[in-house]
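Visitor: What follows is final-v5.tsv, made up of TSV, N, CA, C and O atoms:
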```tsv
chain	number	residue	atom	x	y	z
P	116	MET	N	-22.66	-6.51	-41.96
P	116	MET	CA	-22.17	-7.23	-43.11
P	116	MET	C	-22.85	-6.63	-44.36
P	116	MET	O	-24.06	-6.50	-44.39
P	117	PRO	N	-22.07	-6.30	-45.38
P	117	PRO	CA	-22.66	-5.70	-46.57
P	117	PRO	C	-23.51	-6.70	-47.37
P	117	PRO	O	-23.28	-7.90	-47.32
P	118	ARG	N	-24.47	-6.16	-48.11
P	118	ARG	CA	-25.33	-6.97	-48.99
P	118	ARG	C	-24.91	-6.71	-50.42
P	118	ARG	O	-24.75	-5.56	-50.84
P	119	TYR	N	-24.74	-7.78	-51.19
P	119	TYR	CA	-24.35	-7.70	-52.59
P	119	TYR	C	-25.47	-8.28	-53.46
P	119	TYR	O	-26.11	-9.26	-53.08
P	120	PHE	N	-25.67	-7.67	-54.64
P	120	PHE	CA	-26.72	-8.07	-55.56
P	120	PHE	C	-26.09	-8.53	-56.87
P	120	PHE	O	-25.15	-7.90	-57.36
P	121	PHE	N	-26.60	-9.62	-57.42
P	121	PHE	CA	-26.02	-10.27	-58.59
P	121	PHE	C	-27.02	-10.20	-59.74
P	121	PHE	O	-27.90	-11.05	-59.86
P	122	HIS	N	-26.89	-9.19	-60.58
P	122	HIS	CA	-27.79	-8.97	-61.71
P	122	HIS	C	-27.24	-9.67	-62.94
P	122	HIS	O	-26.07	-9.47	-63.30
P	123	VAL	N	-28.07	-10.48	-63.60
P	123	VAL	CA	-27.64	-11.23	-64.78
P	123	VAL	C	-28.23	-10.57	-66.02
P	123	VAL	O	-29.43	-10.25	-66.07
P	124	HIS	N	-27.39	-10.39	-67.03
P	124	HIS	CA	-27.81	-9.79	-68.30
P	124	HIS	C	-27.43	-10.75	-69.42
P	124	HIS	O	-26.25	-11.08	-69.58
P	125	ASP	N	-28.43	-11.19	-70.18
P	125	ASP	CA	-28.17	-12.15	-71.26
P	125	ASP	C	-29.06	-11.87	-72.46
P	125	ASP	O	-29.69	-12.75	-73.01
P	126	GLY	N	-29.12	-10.63	-72.87
P	126	GLY	CA	-30.07	-10.21	-73.90
P	126	GLY	C	-31.30	-9.63	-73.25
P	126	GLY	O	-31.97	-8.77	-73.80
P	127	GLY	N	-31.61	-10.08	-72.07
P	127	GLY	CA	-32.61	-9.53	-71.18
P	127	GLY	C	-31.91	-9.30	-69.86
P	127	GLY	O	-30.71	-9.50	-69.75
P	128	SER	N	-32.64	-8.92	-68.86
P	128	SER	CA	-32.03	-8.69	-67.56
P	128	SER	C	-32.81	-9.43	-66.49
P	128	SER	O	-34.04	-9.46	-66.51
P	129	VAL	N	-32.06	-10.03	-65.59
P	129	VAL	CA	-32.65	-10.71	-64.43
P	129	VAL	C	-32.11	-10.01	-63.19
P	129	VAL	O	-30.98	-10.25	-62.77
P	130	PRO	N	-32.92	-9.08	-62.63
P	130	PRO	CA	-32.44	-8.36	-61.45
P	130	PRO	C	-32.46	-9.24	-60.21
P	130	PRO	O	-33.28	-10.14	-60.09
P	131	ASP	N	-31.54	-8.98	-59.34
P	131	ASP	CA	-31.48	-9.66	-58.04
P	131	ASP	C	-32.00	-8.66	-57.02
P	131	ASP	O	-31.33	-7.69	-56.69
P	132	ASP	N	-33.20	-8.87	-56.53
P	132	ASP	CA	-33.76	-7.95	-55.55
P	132	ASP	C	-33.59	-8.44	-54.12
P	132	ASP	O	-33.99	-7.75	-53.18
P	133	LEU	N	-32.97	-9.60	-53.93
P	133	LEU	CA	-32.74	-10.13	-52.59
P	133	LEU	C	-31.31	-9.91	-52.12
P	133	LEU	O	-31.07	-9.49	-51.00
P	134	GLY	N	-30.35	-10.25	-52.96
P	134	GLY	CA	-28.94	-10.10	-52.61
P	134	GLY	C	-28.50	-11.11	-51.57
P	134	GLY	O	-29.28	-11.93	-51.09
P	135	LEU	N	-27.22	-11.04	-51.26
P	135	LEU	CA	-26.61	-11.90	-50.24
P	135	LEU	C	-25.79	-11.05	-49.28
P	135	LEU	O	-25.05	-10.16	-49.73
P	136	ASN	N	-25.90	-11.34	-48.00
P	136	ASN	CA	-25.01	-10.71	-47.02
P	136	ASN	C	-23.70	-11.48	-47.04
P	136	ASN	O	-23.68	-12.69	-46.80
P	137	LEU	N	-22.64	-10.76	-47.33
P	137	LEU	CA	-21.31	-11.38	-47.41
P	137	LEU	C	-20.31	-10.50	-46.69
P	137	LEU	O	-20.49	-9.28	-46.61
P	138	PRO	N	-19.23	-11.09	-46.19
P	138	PRO	CA	-18.30	-10.31	-45.37
P	138	PRO	C	-17.53	-9.23	-46.14
P	138	PRO	O	-17.19	-8.20	-45.57
P	139	ASP	N	-17.25	-9.46	-47.43
P	139	ASP	CA	-16.45	-8.49	-48.18
P	139	ASP	C	-16.57	-8.73	-49.68
P	139	ASP	O	-17.22	-9.69	-50.11
P	140	ILE	N	-15.91	-7.88	-50.45
P	140	ILE	CA	-15.99	-7.98	-51.91
P	140	ILE	C	-15.33	-9.25	-52.43
P	140	ILE	O	-15.75	-9.80	-53.45
P	141	ALA	N	-14.34	-9.76	-51.74
P	141	ALA	CA	-13.72	-11.02	-52.15
P	141	ALA	C	-14.74	-12.16	-52.07
P	141	ALA	O	-14.80	-13.01	-52.96
P	142	ALA	N	-15.54	-12.17	-51.04
P	142	ALA	CA	-16.59	-13.18	-50.91
P	142	ALA	C	-17.64	-12.99	-51.99
P	142	ALA	O	-18.20	-13.96	-52.50
P	143	ALA	N	-17.92	-11.74	-52.36
P	143	ALA	CA	-18.87	-11.46	-53.45
P	143	ALA	C	-18.33	-11.98	-54.77
P	143	ALA	O	-19.08	-12.53	-55.59
P	144	ARG	N	-17.04	-11.84	-55.01
P	144	ARG	CA	-16.43	-12.39	-56.24
P	144	ARG	C	-16.56	-13.90	-56.28
P	144	ARG	O	-16.90	-14.49	-57.31
P	145	THR	N	-16.30	-14.54	-55.17
P	145	THR	CA	-16.45	-15.99	-55.10
P	145	THR	C	-17.89	-16.40	-55.36
P	145	THR	O	-18.15	-17.35	-56.11
P	146	ALA	N	-18.84	-15.68	-54.78
P	146	ALA	CA	-20.26	-15.98	-54.99
P	146	ALA	C	-20.66	-15.77	-56.45
P	146	ALA	O	-21.45	-16.55	-57.00
P	147	ALA	N	-20.12	-14.74	-57.11
P	147	ALA	CA	-20.42	-14.49	-58.52
P	147	ALA	C	-19.88	-15.62	-59.39
P	147	ALA	O	-20.53	-16.05	-60.34
P	148	ILE	N	-18.70	-16.11	-59.07
P	148	ILE	CA	-18.12	-17.23	-59.83
P	148	ILE	C	-18.95	-18.48	-59.63
P	148	ILE	O	-19.23	-19.22	-60.58
P	149	GLU	N	-19.41	-18.71	-58.40
P	149	GLU	CA	-20.27	-19.87	-58.13
P	149	GLU	C	-21.59	-19.75	-58.87
P	149	GLU	O	-22.10	-20.73	-59.42
P	150	LEU	N	-22.17	-18.54	-58.93
P	150	LEU	CA	-23.41	-18.32	-59.67
P	150	LEU	C	-23.20	-18.60	-61.15
P	150	LEU	O	-24.03	-19.26	-61.78
P	151	SER	N	-22.09	-18.14	-61.70
P	151	SER	CA	-21.83	-18.39	-63.12
P	151	SER	C	-21.69	-19.90	-63.38
P	151	SER	O	-22.17	-20.41	-64.40
P	152	ARG	N	-21.07	-20.60	-62.47
P	152	ARG	CA	-20.94	-22.06	-62.59
P	152	ARG	C	-22.33	-22.70	-62.60
P	152	ARG	O	-22.60	-23.59	-63.42
P	153	GLU	N	-23.22	-22.25	-61.72
P	153	GLU	CA	-24.58	-22.79	-61.69
P	153	GLU	C	-25.32	-22.50	-62.99
P	153	GLU	O	-26.04	-23.36	-63.51
P	154	ILE	N	-25.15	-21.29	-63.52
P	154	ILE	CA	-25.81	-20.93	-64.78
P	154	ILE	C	-25.30	-21.83	-65.90
P	154	ILE	O	-26.08	-22.35	-66.69
P	155	LEU	N	-24.00	-22.01	-65.98
P	155	LEU	CA	-23.43	-22.84	-67.04
P	155	LEU	C	-23.88	-24.30	-66.92
P	155	LEU	O	-24.13	-24.96	-67.92
P	156	ARG	N	-24.01	-24.79	-65.72
P	156	ARG	CA	-24.44	-26.18	-65.51
P	156	ARG	C	-25.94	-26.37	-65.74
P	156	ARG	O	-26.37	-27.44	-66.16
P	157	SER	N	-26.75	-25.37	-65.43
P	157	SER	CA	-28.19	-25.54	-65.43
P	157	SER	C	-28.81	-25.48	-66.82
P	157	SER	O	-29.90	-25.97	-67.03
P	158	GLU	N	-28.14	-24.89	-67.77
P	158	GLU	CA	-28.70	-24.74	-69.10
P	158	GLU	C	-28.51	-26.03	-69.90
P	158	GLU	O	-27.38	-26.46	-70.11
P	159	ILE	N	-29.60	-26.62	-70.35
P	159	ILE	CA	-29.53	-27.87	-71.11
P	159	ILE	C	-28.77	-27.66	-72.41
P	159	ILE	O	-27.93	-28.46	-72.79
P	160	VAL	N	-29.06	-26.56	-73.11
P	160	VAL	CA	-28.40	-26.30	-74.40
P	160	VAL	C	-27.30	-25.25	-74.25
P	160	VAL	O	-26.68	-24.89	-75.23
P	161	GLY	N	-27.08	-24.78	-73.07
P	161	GLY	CA	-26.02	-23.80	-72.83
P	161	GLY	C	-26.55	-22.38	-72.83
P	161	GLY	O	-27.50	-22.06	-73.54
P	162	PRO	N	-25.95	-21.52	-72.03
P	162	PRO	CA	-26.42	-20.14	-71.90
P	162	PRO	C	-26.12	-19.28	-73.13
P	162	PRO	O	-26.58	-18.16	-73.22
P	163	PHE	N	-25.38	-19.81	-74.09
P	163	PHE	CA	-24.99	-19.02	-75.25
P	163	PHE	C	-25.85	-19.30	-76.48
P	163	PHE	O	-25.57	-18.79	-77.55
P	164	GLN	N	-26.89	-20.10	-76.35
P	164	GLN	CA	-27.69	-20.46	-77.51
P	164	GLN	C	-28.34	-19.24	-78.15
P	164	GLN	O	-28.25	-19.06	-79.36
P	165	ASP	N	-28.99	-18.42	-77.38
P	165	ASP	CA	-29.70	-17.26	-77.92
P	165	ASP	C	-28.84	-16.01	-77.99
P	165	ASP	O	-29.09	-15.14	-78.81
P	166	HIS	N	-27.85	-15.90	-77.12
P	166	HIS	CA	-27.00	-14.72	-77.05
P	166	HIS	C	-25.55	-15.16	-76.88
P	166	HIS	O	-25.25	-15.93	-75.98
P	167	PRO	N	-24.66	-14.67	-77.74
P	167	PRO	CA	-23.27	-15.11	-77.66
P	167	PRO	C	-22.51	-14.57	-76.45
P	167	PRO	O	-21.38	-14.97	-76.20
P	168	SER	N	-23.13	-13.67	-75.70
P	168	SER	CA	-22.45	-13.15	-74.52
P	168	SER	C	-23.47	-12.85	-73.42
P	168	SER	O	-24.65	-12.62	-73.69
P	169	TRP	N	-23.01	-12.90	-72.21
P	169	TRP	CA	-23.81	-12.53	-71.05
P	169	TRP	C	-22.87	-12.10	-69.94
P	169	TRP	O	-21.66	-12.25	-70.04
P	170	ARG	N	-23.45	-11.49	-68.91
P	170	ARG	CA	-22.61	-10.99	-67.83
P	170	ARG	C	-23.38	-11.00	-66.50
P	170	ARG	O	-24.60	-11.00	-66.48
P	171	ILE	N	-22.61	-11.00	-65.44
P	171	ILE	CA	-23.14	-10.84	-64.08
P	171	ILE	C	-22.56	-9.55	-63.54
P	171	ILE	O	-21.34	-9.40	-63.47
P	172	GLU	N	-23.43	-8.62	-63.20
P	172	GLU	CA	-23.00	-7.37	-62.58
P	172	GLU	C	-23.26	-7.46	-61.09
P	172	GLU	O	-24.37	-7.75	-60.66
P	173	VAL	N	-22.23	-7.24	-60.30
P	173	VAL	CA	-22.36	-7.29	-58.85
P	173	VAL	C	-22.38	-5.87	-58.33
P	173	VAL	O	-21.52	-5.05	-58.65
P	174	SER	N	-23.42	-5.58	-57.55
P	174	SER	CA	-23.67	-4.23	-57.08
P	174	SER	C	-23.97	-4.25	-55.58
P	174	SER	O	-24.28	-5.30	-55.01
P	175	ASP	N	-23.93	-3.09	-54.98
P	175	ASP	CA	-24.36	-2.97	-53.58
P	175	ASP	C	-25.78	-2.43	-53.49
P	175	ASP	O	-26.21	-1.97	-52.45
P	176	SER	N	-26.52	-2.51	-54.62
P	176	SER	CA	-27.89	-2.00	-54.67
P	176	SER	C	-28.77	-2.94	-55.49
P	176	SER	O	-28.30	-3.51	-56.49
P	177	PRO	N	-30.04	-3.08	-55.12
P	177	PRO	CA	-30.94	-3.89	-55.93
P	177	PRO	C	-31.37	-3.17	-57.22
P	177	PRO	O	-31.96	-3.78	-58.10
P	178	GLU	N	-31.05	-1.90	-57.34
P	178	GLU	CA	-31.42	-1.12	-58.52
P	178	GLU	C	-30.51	-1.47	-59.69
P	178	GLU	O	-29.29	-1.40	-59.58
P	179	MET	N	-31.12	-1.83	-60.82
P	179	MET	CA	-30.33	-2.20	-62.00
P	179	MET	C	-29.53	-1.02	-62.54
P	179	MET	O	-28.53	-1.20	-63.21
P	180	SER	N	-29.97	0.20	-62.26
P	180	SER	CA	-29.29	1.39	-62.77
P	180	SER	C	-28.06	1.79	-61.95
P	180	SER	O	-27.33	2.69	-62.34
P	181	SER	N	-27.83	1.13	-60.83
P	181	SER	CA	-26.67	1.47	-60.01
P	181	SER	C	-25.38	1.00	-60.68
P	181	SER	O	-25.37	0.05	-61.46
P	182	LEU	N	-24.30	1.66	-60.37
P	182	LEU	CA	-23.01	1.28	-60.92
P	182	LEU	C	-22.55	-0.04	-60.29
P	182	LEU	O	-22.62	-0.20	-59.07
P	183	PRO	N	-22.08	-0.97	-61.11
P	183	PRO	CA	-21.61	-2.23	-60.54
P	183	PRO	C	-20.27	-2.06	-59.83
P	183	PRO	O	-19.46	-1.21	-60.19
P	184	LEU	N	-20.05	-2.89	-58.83
P	184	LEU	CA	-18.75	-2.94	-58.16
P	184	LEU	C	-17.76	-3.69	-59.03
P	184	LEU	O	-16.58	-3.34	-59.08
P	185	PHE	N	-18.25	-4.73	-59.73
P	185	PHE	CA	-17.45	-5.44	-60.72
P	185	PHE	C	-18.39	-6.24	-61.61
P	185	PHE	O	-19.57	-6.42	-61.28
P	186	VAL	N	-17.87	-6.68	-62.76
P	186	VAL	CA	-18.66	-7.40	-63.75
P	186	VAL	C	-17.88	-8.62	-64.21
P	186	VAL	O	-16.69	-8.54	-64.47
P	187	LEU	N	-18.59	-9.76	-64.29
P	187	LEU	CA	-18.02	-10.95	-64.91
P	187	LEU	C	-18.64	-11.06	-66.30
P	187	LEU	O	-19.85	-11.09	-66.43
P	188	HIS	N	-17.80	-11.10	-67.35
P	188	HIS	CA	-18.27	-11.21	-68.73
P	188	HIS	C	-18.02	-12.62	-69.23
P	188	HIS	O	-16.95	-13.20	-68.97
P	189	PHE	N	-18.98	-13.14	-70.00
P	189	PHE	CA	-18.85	-14.45	-70.62
P	189	PHE	C	-19.25	-14.30	-72.08
P	189	PHE	O	-20.24	-13.66	-72.39
P	190	SER	N	-18.46	-14.89	-72.98
P	190	SER	CA	-18.82	-14.81	-74.40
P	190	SER	C	-18.22	-15.98	-75.16
P	190	SER	O	-17.25	-16.59	-74.74
P	191	VAL	N	-18.83	-16.24	-76.31
P	191	VAL	CA	-18.35	-17.24	-77.23
P	191	VAL	C	-18.08	-16.54	-78.55
P	191	VAL	O	-18.93	-15.79	-79.04
P	192	THR	N	-16.89	-16.73	-79.10
P	192	THR	CA	-16.58	-16.14	-80.40
P	192	THR	C	-16.16	-17.20	-81.38
P	192	THR	O	-15.77	-18.28	-81.02
```
Starting from the file, give its structure as structure tokens.
Guide:
Amino acid sequence: MPRYFFHVHDGGSVPDDLGLNLPDIAAARTAAIELSREILRSEIVGPFQDHPSWRIEVSDSPEMSSLPLFVLHFSVT
């Protein structure tokens, strides 16, 4: 089962060095959406207070320099 890593970038970077074993990229997309939901819910003042945009990069590597398989972008304009 492949391992996927969910790196969060919001003006700084939060690398995921553990990752999740998931059956396929569709499951990784679902997990990324669930992670974004948790981020949006967990912030008392909202994740956009300091930075108007942030993203989750999903990769097959714990290295932040690796190319992402896909990216979820979030922004407020």
Visitor: Mind listing as a PyMOL selection string all residues within 8 Å of (-24.0, -11.1, -56.9), counting all atoms listed in the file?
Guide: chain P and resi 118-123+131+134-135+142-144+146-148+150+171-174+185
Visitor: Would you write out those residues with N, CA, C and O atoms, as a short mmCIF file (atom, residue, chain, number, x, y, z; two decimals), in the coordinates of the input?
Guide:
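part34.cif written:
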```
data_model
loop_
_atom_site.label_atom_id
_atom_site.label_comp_id
_atom_site.auth_asym_id
_atom_site.auth_seq_id
_atom_site.Cartn_x
_atom_site.Cartn_y
_atom_site.Cartn_z
N ARG P 118 -24.47 -6.16 -48.11
CA ARG P 118 -25.33 -6.97 -48.99
C ARG P 118 -24.91 -6.71 -50.42
O ARG P 118 -24.75 -5.56 -50.84
N TYR P 119 -24.74 -7.78 -51.19
CA TYR P 119 -24.35 -7.70 -52.59
C TYR P 119 -25.47 -8.28 -53.46
O TYR P 119 -26.11 -9.26 -53.08
N PHE P 120 -25.67 -7.67 -54.64
CA PHE P 120 -26.72 -8.07 -55.56
C PHE P 120 -26.09 -8.53 -56.87
O PHE P 120 -25.15 -7.90 -57.36
N PHE P 121 -26.60 -9.62 -57.42
CA PHE P 121 -26.02 -10.27 -58.59
C PHE P 121 -27.02 -10.20 -59.74
O PHE P 121 -27.90 -11.05 -59.86
N HIS P 122 -26.89 -9.19 -60.58
CA HIS P 122 -27.79 -8.97 -61.71
C HIS P 122 -27.24 -9.67 -62.94
O HIS P 122 -26.07 -9.47 -63.30
N VAL P 123 -28.07 -10.48 -63.60
CA VAL P 123 -27.64 -11.23 -64.78
C VAL P 123 -28.23 -10.57 -66.02
O VAL P 123 -29.43 -10.25 -66.07
N ASP P 131 -31.54 -8.98 -59.34
CA ASP P 131 -31.48 -9.66 -58.04
C ASP P 131 -32.00 -8.66 -57.02
O ASP P 131 -31.33 -7.69 -56.69
N GLY P 134 -30.35 -10.25 -52.96
CA GLY P 134 -28.94 -10.10 -52.61
C GLY P 134 -28.50 -11.11 -51.57
O GLY P 134 -29.28 -11.93 -51.09
N LEU P 135 -27.22 -11.04 -51.26
CA LEU P 135 -26.61 -11.90 -50.24
C LEU P 135 -25.79 -11.05 -49.28
O LEU P 135 -25.05 -10.16 -49.73
N ALA P 142 -15.54 -12.17 -51.04
CA ALA P 142 -16.59 -13.18 -50.91
C ALA P 142 -17.64 -12.99 -51.99
O ALA P 142 -18.20 -13.96 -52.50
N ALA P 143 -17.92 -11.74 -52.36
CA ALA P 143 -18.87 -11.46 -53.45
C ALA P 143 -18.33 -11.98 -54.77
O ALA P 143 -19.08 -12.53 -55.59
N ARG P 144 -17.04 -11.84 -55.01
CA ARG P 144 -16.43 -12.39 -56.24
C ARG P 144 -16.56 -13.90 -56.28
O ARG P 144 -16.90 -14.49 -57.31
N ALA P 146 -18.84 -15.68 -54.78
CA ALA P 146 -20.26 -15.98 -54.99
C ALA P 146 -20.66 -15.77 -56.45
O ALA P 146 -21.45 -16.55 -57.00
N ALA P 147 -20.12 -14.74 -57.11
CA ALA P 147 -20.42 -14.49 -58.52
C ALA P 147 -19.88 -15.62 -59.39
O ALA P 147 -20.53 -16.05 -60.34
N ILE P 148 -18.70 -16.11 -59.07
CA ILE P 148 -18.12 -17.23 -59.83
C ILE P 148 -18.95 -18.48 -59.63
O ILE P 148 -19.23 -19.22 -60.58
N LEU P 150 -22.17 -18.54 -58.93
CA LEU P 150 -23.41 -18.32 -59.67
C LEU P 150 -23.20 -18.60 -61.15
O LEU P 150 -24.03 -19.26 -61.78
N ILE P 171 -22.61 -11.00 -65.44
CA ILE P 171 -23.14 -10.84 -64.08
C ILE P 171 -22.56 -9.55 -63.54
O ILE P 171 -21.34 -9.40 -63.47
N GLU P 172 -23.43 -8.62 -63.20
CA GLU P 172 -23.00 -7.37 -62.58
C GLU P 172 -23.26 -7.46 -61.09
O GLU P 172 -24.37 -7.75 -60.66
N VAL P 173 -22.23 -7.24 -60.30
CA VAL P 173 -22.36 -7.29 -58.85
C VAL P 173 -22.38 -5.87 -58.33
O VAL P 173 -21.52 -5.05 -58.65
N SER P 174 -23.42 -5.58 -57.55
CA SER P 174 -23.67 -4.23 -57.08
C SER P 174 -23.97 -4.25 -55.58
O SER P 174 -24.28 -5.30 -55.01
N PHE P 185 -18.25 -4.73 -59.73
CA PHE P 185 -17.45 -5.44 -60.72
C PHE P 185 -18.39 -6.24 -61.61
O PHE P 185 -19.57 -6.42 -61.28
#
```
Visitor: Any idea what the distance is between CA of His188 (chain P) and CA of Ser168 (chain P)?
Guide: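 Distance reported for this atom pair: 7.4 Å.
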Visitor: Go ahead and compute the interatomic distance for CA of Pro167 (chain P) and CA of Val191 (chain P), in Å to one decimal.
Guide: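 CA of Pro167 (chain P) sits 5.4 Å away from CA of Val191 (chain P).
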Visitor: Would you work out the distance separating CA of Ser180 (chain P) from CA of His124 (chain P), expressed in Å to one decimal?
Guide: 12.6 Å
Visitor: As a PyMOL selection string, please: all residues of chain P that backbone DSSP puts in helix (DSSP H, G or I).
Guide: chain P and resi 140-157
Visitor: Looking only at strand (DSSP E or B) from DSSP on the backbone, list the matching residues of chain P as a list in words.
Guide: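 Strand (DSSP E or B) assignments inside chain P correspond to Arg118, Tyr119, Phe120, Phe121, His122, Val123, His124, Ser128, Val129, Leu135, Asn136, Ser168, Trp169, Arg170, Ile171, Glu172, Val173, Ser174, Phe185, Val186, Leu187, His188, Phe189 and Ser190 of chain P.
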Visitor: Give as a VMD selection string the set of residues within 6 Å of the point (-30.9, -4.2, -59.1), where distances use the file's coordinates and only C-alpha atoms.
Guide: chain P and resid 130 to 132 176 to 179
